2 protein chains.
Amino acid sequence: MKATHQRIVIFKALADSTLHPTIDWLFERVKESYPSISLATVYKTMETFVEHGVVKRVKCEDGKNRFDANMEPHNHMYCESTGRIFDFKDMDLQTLVEEYLSSKQLENFEVSEVQLQINGRVLDPDKPVQYKI
Amino acid sequence: MKATHQRIVIFKALADSTLHPTIDWLFERVKESYPSISLATVYKTMETFVEHGVVKRVKCEDGKNRFDANMEPHNHMYCESTGRIFDFKDMDLQTLVEEYLSSKQLENFEVSEVQLQINGRVLDPDKPVQYKI
DNA sequence: GTGACTGCAAACGGTTTGCACCTCA
DNA sequence: TGAGGTGCAAACCGTTTGCAGTCAC
């Protein structure tokens with residue numbers, strides 16, 4: 001993967017944000033420090049980032065792609081009114097579910113991932129959302 | 001909700017299928033018995049069905065809308081190679097997760113739903129997929 | 001130097017919309 | 001008869017693509 005100027009700027013914008021940015025958020029952000037960048041480049045770059053395991057793609061109810069720079073296993077809280085995604089990590093919960101499922105028989109299906117997502121709404125958009133373990 | 005011919009035909013097509021049809025699957029299907037139907041009508045009808053709680057919308061990795069005529073609480077297995085969705089119902093699992101989560105404190109977030117999805121691949125597309133409780 | 005990357009603009013695919021006409025209740 | 005549903009075509013919006021020019025290695 002070549003370290004082009006564009007890729008570096010996009011990567012920095014990504015690393016800054018914890019809120020799972022969309023392509024157009026990244027595009028607007030990156031334009032500030034690199035005004036001549038094209039939208040297609042952001043799309044293509046994110047595609048390569050996904051292929052190289054730099055980020056994960058997160059499909060969202062609103063239809064847009066979002067990206068997750070957090071590559072550790074974790075779960076999501078999804079806000080149905082703003083479309084924002086919040087990470088939470090609870091290995092006890094993950095283990096609980098995975099162990100339960102491993103005791104079940106799945107016929108004709110090979111599991112790659114068990115995804116657990118809490119949907120709902122943020123009450124006060126100015127305050128932080130927290131999951132207390 | 002008016003019982004128009006179009007809506008009845010669409011509803012029947014829906015009830016037939018367990019595999020969470022897309023709009024264009026429904027459109028093709030419905031055209032067989034109602035050739036003059038328009039794609040826009042299928043879109044608008046599904047929208048009213050969702051509003052009236054007749055079906056649920058299921059957002060899919062492939063970007064297309066799918067619909068679920070099964071209104072009972074249940075979970076999904078998602079096949080990453082075909083995009084097909086299979087239902088499974090395991091109340092023990094659901095209760096396990098919900099009880100675990102209710103012991104946690106979620107700050108500034110109102111939960112509407114906990115979604116548990118098993119991603120993976122169907123091994124033999126001609127055989128049924130089964131989750132054994 | 002060359003293969004990979006960028007930027008542009010045009011195309012794409014799923015979905016939505018505006019509007020004249022029609023139809024169920 | 002009137003509120004609301006239908007069909008058509010055009011618009012929309014996020015995303016992808018083809019290609020000529022450019023850049024990192």
# chains A, B, ... in the order shown; residues from 1 in each chain; ligands from 1
>>> select_by_dssp(residues="chain B", states="strand (DSSP E or B)", output="PyMOL selection string")
chain B and resi 22+56-59+65-68+75-79+85-88+105-107+109-122+130-132
>>> write_last_selection(atoms="N, CA and C atoms", output="tab-separated table (two decimals), in the first residue's frame")
chain	number	residue	atom	x	y	z
B	22	THR	N	-36.68	-8.87	-1.25
B	22	THR	CA	-36.35	-7.49	-1.61
B	22	THR	C	-37.50	-6.92	-2.42
B	56	LYS	N	-41.76	-5.85	9.00
B	56	LYS	CA	-40.62	-5.07	9.48
B	56	LYS	C	-39.63	-4.89	8.34
B	57	ARG	N	-38.97	-3.75	8.33
B	57	ARG	CA	-37.91	-3.53	7.37
B	57	ARG	C	-36.63	-4.13	7.93
B	58	VAL	N	-35.88	-4.83	7.11
B	58	VAL	CA	-34.62	-5.39	7.54
B	58	VAL	C	-33.51	-4.81	6.69
B	59	LYS	N	-32.63	-4.03	7.31
B	59	LYS	CA	-31.53	-3.46	6.55
B	59	LYS	C	-30.47	-4.52	6.36
B	65	ASN	N	-33.21	-2.91	0.71
B	65	ASN	CA	-34.19	-3.20	1.75
B	65	ASN	C	-34.72	-4.61	1.59
B	66	ARG	N	-34.90	-5.27	2.71
B	66	ARG	CA	-35.62	-6.53	2.71
B	66	ARG	C	-36.74	-6.41	3.71
B	67	PHE	N	-37.72	-7.31	3.62
B	67	PHE	CA	-38.87	-7.20	4.51
B	67	PHE	C	-39.15	-8.52	5.19
B	68	ASP	N	-39.65	-8.40	6.40
B	68	ASP	CA	-39.84	-9.55	7.25
B	68	ASP	C	-41.30	-9.59	7.69
B	75	ASN	N	-34.55	-13.79	15.84
B	75	ASN	CA	-33.24	-13.31	15.39
B	75	ASN	C	-32.95	-13.81	14.00
B	76	HIS	N	-31.83	-13.31	13.45
B	76	HIS	CA	-31.50	-13.63	12.07
B	76	HIS	C	-30.14	-14.28	11.92
B	77	MET	N	-30.08	-15.20	10.94
B	77	MET	CA	-28.80	-15.66	10.44
B	77	MET	C	-28.65	-15.04	9.06
B	78	TYR	N	-27.53	-14.39	8.83
B	78	TYR	CA	-27.33	-13.70	7.56
B	78	TYR	C	-26.24	-14.39	6.76
B	79	CYS	N	-26.55	-14.77	5.54
B	79	CYS	CA	-25.55	-15.43	4.69
B	79	CYS	C	-24.79	-14.39	3.89
B	85	ILE	N	-31.48	-14.26	4.33
B	85	ILE	CA	-31.65	-14.16	5.77
B	85	ILE	C	-32.52	-15.31	6.25
B	86	PHE	N	-32.11	-15.95	7.32
B	86	PHE	CA	-32.89	-17.04	7.90
B	86	PHE	C	-33.31	-16.65	9.30
B	87	ASP	N	-34.55	-16.93	9.63
B	87	ASP	CA	-35.02	-16.66	10.98
B	87	ASP	C	-34.60	-17.77	11.94
B	88	PHE	N	-34.35	-17.39	13.17
B	88	PHE	CA	-34.35	-18.41	14.21
B	88	PHE	C	-34.89	-17.77	15.48
B	105	GLN	N	-25.74	-0.51	33.61
B	105	GLN	CA	-26.26	0.85	33.53
B	105	GLN	C	-25.88	1.49	32.20
B	106	LEU	N	-26.89	1.94	31.51
B	106	LEU	CA	-26.65	2.65	30.26
B	106	LEU	C	-26.96	4.12	30.50
B	107	GLU	N	-25.96	4.95	30.37
B	107	GLU	CA	-26.18	6.36	30.65
B	107	GLU	C	-26.46	7.14	29.38
B	109	PHE	N	-28.84	6.86	27.24
B	109	PHE	CA	-29.27	6.08	26.08
B	109	PHE	C	-30.50	5.27	26.45
B	110	GLU	N	-31.54	5.39	25.63
B	110	GLU	CA	-32.79	4.67	25.86
B	110	GLU	C	-32.88	3.50	24.87
B	111	VAL	N	-32.87	2.28	25.39
B	111	VAL	CA	-32.83	1.09	24.55
B	111	VAL	C	-34.22	0.80	23.98
B	112	SER	N	-34.28	0.54	22.67
B	112	SER	CA	-35.57	0.11	22.11
B	112	SER	C	-35.52	-1.36	21.73
B	113	GLU	N	-34.34	-1.87	21.45
B	113	GLU	CA	-34.25	-3.24	20.94
B	113	GLU	C	-32.82	-3.74	21.04
B	114	VAL	N	-32.69	-5.02	21.37
B	114	VAL	CA	-31.37	-5.65	21.34
B	114	VAL	C	-31.36	-6.65	20.20
B	115	GLN	N	-30.45	-6.44	19.29
B	115	GLN	CA	-30.46	-7.21	18.06
B	115	GLN	C	-29.27	-8.16	18.04
B	116	LEU	N	-29.58	-9.43	17.81
B	116	LEU	CA	-28.52	-10.43	17.81
B	116	LEU	C	-28.54	-11.14	16.47
B	117	GLN	N	-27.46	-11.07	15.77
B	117	GLN	CA	-27.44	-11.63	14.42
B	117	GLN	C	-26.22	-12.51	14.24
B	118	ILE	N	-26.44	-13.68	13.65
B	118	ILE	CA	-25.33	-14.59	13.37
B	118	ILE	C	-24.96	-14.43	11.91
B	119	ASN	N	-23.74	-13.97	11.64
B	119	ASN	CA	-23.30	-13.86	10.26
B	119	ASN	C	-22.46	-15.05	9.88
B	120	GLY	N	-22.49	-15.39	8.62
B	120	GLY	CA	-21.70	-16.52	8.15
B	120	GLY	C	-22.10	-16.91	6.76
B	121	ARG	N	-21.96	-18.19	6.46
B	121	ARG	CA	-22.30	-18.64	5.13
B	121	ARG	C	-23.07	-19.95	5.13
B	122	VAL	N	-24.03	-20.02	4.22
B	122	VAL	CA	-24.74	-21.27	4.00
B	122	VAL	C	-23.78	-22.22	3.29
B	130	GLN	N	-30.64	-24.90	9.62
B	130	GLN	CA	-31.39	-25.11	10.85
B	130	GLN	C	-30.61	-24.74	12.10
B	131	TYR	N	-31.34	-24.11	13.00
B	131	TYR	CA	-30.82	-23.78	14.31
B	131	TYR	C	-31.56	-24.66	15.29
B	132	LYS	N	-30.82	-25.56	15.96
B	132	LYS	CA	-31.48	-26.49	16.88
B	132	LYS	C	-31.43	-26.00	18.31
>>> residues_around(residues="DC19 (chain C)", least_positions_apart="4", cutoff="12 Å", atoms="only C-alpha atoms (C1' of nucleotides)", output="PyMOL selection string")
chain D and resi 6-10
>>> select_by_dssp(residues="region 14-56 of chain A", states="alpha helix (DSSP H)", output="PyMOL selection string")
chain A and resi 14-16+23-33+39-51
>>> interface_residues(of="chain B", to="chain C", cutoff="12 Å", atoms="only C-alpha atoms (C1' of nucleotides)", output="VMD selection string")
chain B and resid 1 to 6 22 to 24 39 to 44 47 62 to 66
>>> residues_around(residues="region 29-32 of chain A", least_positions_apart="4", cutoff="8 Å", atoms="only C-alpha atoms (C1' of nucleotides)", output="ChimeraX atom specification")
/A:9-10,13,25,36-37
>>> write_last_selection(atoms="C-alpha atoms", output="tab-separated table (two decimals), in the first residue's frame")
chain	number	residue	atom	x	y	z
A	9	VAL	CA	-4.66	12.79	5.40
A	10	ILE	CA	-7.67	10.46	5.24
A	13	ALA	CA	-9.16	12.20	9.82
A	25	TRP	CA	-18.02	13.43	6.68
A	36	SER	CA	-8.17	19.39	-4.11
A	37	ILE	CA	-9.02	15.86	-2.97
>>> interface_residues(of="chain D", to="chain A", cutoff="9 Å", atoms="only C-alpha atoms (C1' of nucleotides)", output="MDAnalysis selection string")
chainID D and resid 14:16 23:25
